[in-house]
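Okay, structure first, notes after.
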Amino acid sequence: MLMAKKKTSSYIPMDSPIDRLHPMVKIYAIFCLGISALVCPTFILSYVLVIFLFIVAWKAKLFKKFAKFIIGFAIPITVMLLFIHGLYSPKNVTYIANFGFARLGLEGTMYAIKLVGGLLVFLGSFLLMTTTTHPGKLVTALIESGMNPKVGYLVLASLNIVPQMQRRMIIIKEAQMARGVEVEGKLLTRATAFIPLIGPLVMSSLVDVQERGMTLETRGFGAKGVKTTSYIEVVERPVDRLIKRLLVVFLAITVVASILARLIR
Amino acid sequence: MSVTKKRGFLYNIQAQFHTKALVLIPIAVGINLVGGTLASTLKLPLFLDMIGTIVSAALAGPWVAALVGFLTNVFLALVANPVYLPYSLVSIAVGLTTGFMVRAGLFKRWWGVAITWIAAVFVSVVFSSTITVLVFGGATGATGTSVLTATLIAAGNKLVKSVVASSFIENLIDRAIAFAIAYVLLKRIPKRFVSQYALAGLGEADDEED
């Protein structure tokens, strides 16, 4: 079954130094590295950062998965963007290659390379954050840094409910197939099968909403002025604080350097 | 004067998030995601991952629907692919549009649903094209929409025009089916359930048609 295999989170438990980092450090890293890659006028910094992310992935014992994502994302988007901007960008004035049907322009190519670099830094660091951070710890850390605990509940409840609903979907599908609903065949047959499958799911889920609502209310979910507690503990170690400071300093240096570079030019 | 007005606006938003609306949110996110999985299991060339957003917009209002849309994309970014994260703005915008149009009473009649559908397509196209052009430079990978965009550019069209055109084709059919399914489902939800959300605009027309 295709649906049963779906995971609820991309977190892969691994005993690695990256896994042990405080979740906020990783969120700092996404923004500091990503924004540095964006503001820097050359594309070299982005690709240096991508190499750095590869080292981090290797440290996190997730090199293979990370490489698979980066390659699977980078190759199609680079080809598409080189096609769109390299060949057809209106900014192209200098041409570096001639393919007969179109010419490859330097400006569009540079734009595509820089854009892919920035995207790889942002998406790659985000992927590393999600694969090395337990969702519960991430939400607890966010609540500690000032997020509303109810929003935290919503994120975690969604992560829990979705696999439940996917299991229920399989049951409904089997029941409807027993009634004779066809889920294979022509496009129209498959399309009309959608309603008898999603309908019972929505209705039974709404019953679930009522039960959950009552259960939460009797436990004082809506109570105001109560301190919320969590079984999940996240501690900030001195090394976490150090890395956070280094990241902010790195961002500050790149921003100042790129402003200076633009002023000189 | 303006301060009290602002507080009133924020209070209005906060009032939408009572416990019953809050528990509806994860379920609606689930409906969105399962709808998407189901569409791919049935090998339909559609996403159909907005049904939960539309249902929650009709039941609990625009801001709840916006949060449903946002969390759906956060979930997809966490589980499937970080590319979904910037597109959460599209889901938020569609949730808000649908919610406000339901509140204006447009879900009482089928043509009102059609107007909401057109509005949702328009909002989706504006937001998703902006994100595709500004964040991703026009293509997000080897998807059907990106290939279509590239073909249109190769045929001599401007980048923005091509992205808008392919996004429009992608959204028009998908949103139409999503709205039709959501409308059919909403008509079948027991009134006892709808009434606890006390959102005017759904119950009355039912009485006339039943």
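Each chain in the structure tokens gets a letter, A, B, ..., in the order shown, and its residues are numbered from 1; ligands are numbered from 1 in order too.
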
- Query: Quick one: which residues from chain A are at most 8 Å off chain B, using only C-alpha atoms, as a ChimeraX atom specification?
  - Reply: /A:2-3,7-10,73,76-78,80-81,83-84,88,112,115,119,123,126-127,130,154-155,157-159,161-162,165-166,169,183-184,187,190-191,194-195,198-199,201-203,205-206,209-210,212-213,216-217,221-222

- Query: So, counting only C-alpha atoms, which residue among B:Trp110, B:Phe47, B:Gly61, B:Ile92 is closest to Lys187 of chain B?
  - Reply: B:Trp110

- Message: Given only C-alpha atoms as the basis, pick out the residue of B:Val94, B:Ala58, B:Val133, B:Leu172 nearest to Leu106 of chain B.
- Response: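 Going through B:Val94, B:Ala58, B:Val133, B:Leu172 one by one, the smallest distance to Leu106 of chain B is for B:Ala58.
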
- Mind the document's chain letters and residue numbers, and return as a ChimeraX atom specification the residues of segment 63-143 of chain B that DSSP labels alpha helix (DSSP H). /B:63-79,88-103,110-134

- Item | Selection: 12 Å around segment 46-54 of chain A, only C-alpha atoms, excl. self and same-chain fewer than 4 positions, as a count of residues only | 49

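Here the residues within segment 61-258 of chain A that DSSP labels strand (DSSP E or B) on the basis of the backbone are Tyr95, Ile96, Ala97, Asn98, Arg103, Leu104 and Gly105 of chain A.
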
- Message: What does the structure give for the distance between atom CA of Arg219 of chain A and atom CA of Asn160 of chain A, in Å to one decimal?
- Response: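 For atom CA of Arg219 of chain A relative to atom CA of Asn160 of chain A, the distance reads 19.2 Å.
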
- Task: Write out as number ranges by chain the residues lying within 9 Å of segment 172-176 of chain A, counting only C-alpha atoms and excluding same-chain residues fewer than 2 positions away.
- Result: A: 167-170, 178-183, 196-198, 200-201

For the residues selected in the previous step, produce a file with N, CA and C atoms as an mmCIF file, in the first residue's frame.
```cif
data_model
loop_
_atom_site.group_PDB
_atom_site.id
_atom_site.type_symbol
_atom_site.label_atom_id
_atom_site.label_comp_id
_atom_site.auth_asym_id
_atom_site.auth_seq_id
_atom_site.Cartn_x
_atom_site.Cartn_y
_atom_site.Cartn_z
ATOM 1 N N ARG A 167 -4.503 5.711 7.827
ATOM 2 C CA ARG A 167 -4.945 4.330 8.108
ATOM 3 C C ARG A 167 -6.438 4.188 7.900
ATOM 4 N N ARG A 168 -7.175 5.220 8.383
ATOM 5 C CA ARG A 168 -8.622 5.184 8.216
ATOM 6 C C ARG A 168 -9.001 5.182 6.739
ATOM 7 N N MET A 169 -8.243 5.926 5.953
ATOM 8 C CA MET A 169 -8.482 5.986 4.508
ATOM 9 C C MET A 169 -8.373 4.590 3.882
ATOM 10 N N ILE A 170 -7.371 3.817 4.320
ATOM 11 C CA ILE A 170 -7.194 2.473 3.767
ATOM 12 C C ILE A 170 -8.405 1.609 4.099
ATOM 13 N N ALA A 178 -15.263 -3.303 -1.463
ATOM 14 C CA ALA A 178 -16.140 -4.450 -1.212
ATOM 15 C C ALA A 178 -17.544 -4.171 -1.711
ATOM 16 N N ARG A 179 -17.944 -2.873 -1.673
ATOM 17 C CA ARG A 179 -19.259 -2.494 -2.189
ATOM 18 C C ARG A 179 -19.270 -2.450 -3.710
ATOM 19 N N GLY A 180 -18.080 -2.464 -4.315
ATOM 20 C CA GLY A 180 -18.023 -2.432 -5.769
ATOM 21 C C GLY A 180 -17.552 -1.128 -6.360
ATOM 22 N N VAL A 181 -17.038 -0.211 -5.522
ATOM 23 C CA VAL A 181 -16.488 1.029 -6.073
ATOM 24 C C VAL A 181 -15.185 0.701 -6.789
ATOM 25 N N GLU A 182 -15.055 1.162 -8.033
ATOM 26 C CA GLU A 182 -13.848 0.845 -8.785
ATOM 27 C C GLU A 182 -12.808 1.948 -8.604
ATOM 28 N N VAL A 183 -11.609 1.541 -8.196
ATOM 29 C CA VAL A 183 -10.558 2.538 -7.986
ATOM 30 C C VAL A 183 -9.499 2.463 -9.087
ATOM 31 N N PRO A 196 -16.814 8.855 -2.916
ATOM 32 C CA PRO A 196 -17.127 7.855 -1.872
ATOM 33 C C PRO A 196 -15.937 7.536 -0.973
ATOM 34 N N LEU A 197 -14.732 7.922 -1.359
ATOM 35 C CA LEU A 197 -13.591 7.679 -0.482
ATOM 36 C C LEU A 197 -13.366 8.835 0.484
ATOM 37 N N ILE A 198 -13.422 10.078 -0.026
ATOM 38 C CA ILE A 198 -13.124 11.214 0.848
ATOM 39 C C ILE A 198 -14.325 11.550 1.741
ATOM 40 N N PRO A 200 -16.744 9.693 3.496
ATOM 41 C CA PRO A 200 -16.778 9.062 4.827
ATOM 42 C C PRO A 200 -15.599 9.500 5.696
ATOM 43 N N LEU A 201 -14.455 9.773 5.071
ATOM 44 C CA LEU A 201 -13.296 10.203 5.843
ATOM 45 C C LEU A 201 -13.564 11.545 6.514
#
```

- Excluding segment 125-127 of chain B and any residue of its chain fewer than 6 positions from it, enumerate the residues within 7 Å of it, using only C-alpha atoms, and give them as a list in words. Val90, Val164, Ser167 and Phe168 of chain B

- Within 8 Å of Thr133 of chain A using only C-alpha atoms, minus same-chain residues under 3 positions, as a count of residues only: 7

- In Å to one decimal, how far is atom CA of Tyr11 of chain B from atom CA of Ala223 of chain A?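 Those two atoms sit 16.9 Å apart.
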
- Can you tell me, as a list in words, what residues are no more than 7 Å from Ser88 of chain B when counting only C-alpha atoms, ignoring any on the same chain fewer than 5 positions away?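 My list of contacting residues is Gly69, Phe70 and Asn73 of chain B.
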
Keeping only N, CA and C atoms, write the selected residues to a file as a PDB file, in the first residue's frame.
```pdb
ATOM      1  N   GLY B  69      -4.171  26.217   5.943  1.00  0.00           N
ATOM      2  CA  GLY B  69      -3.353  26.240   4.738  1.00  0.00           C
ATOM      3  C   GLY B  69      -1.878  26.323   5.066  1.00  0.00           C
ATOM      4  N   PHE B  70      -1.544  27.211   6.001  1.00  0.00           N
ATOM      5  CA  PHE B  70      -0.143  27.387   6.384  1.00  0.00           C
ATOM      6  C   PHE B  70       0.432  26.089   6.952  1.00  0.00           C
ATOM      7  N   ASN B  73       1.209  23.357   4.412  1.00  0.00           N
ATOM      8  CA  ASN B  73       2.473  23.527   3.694  1.00  0.00           C
ATOM      9  C   ASN B  73       3.675  23.283   4.599  1.00  0.00           C
TER      10      ASN B  73
END
```
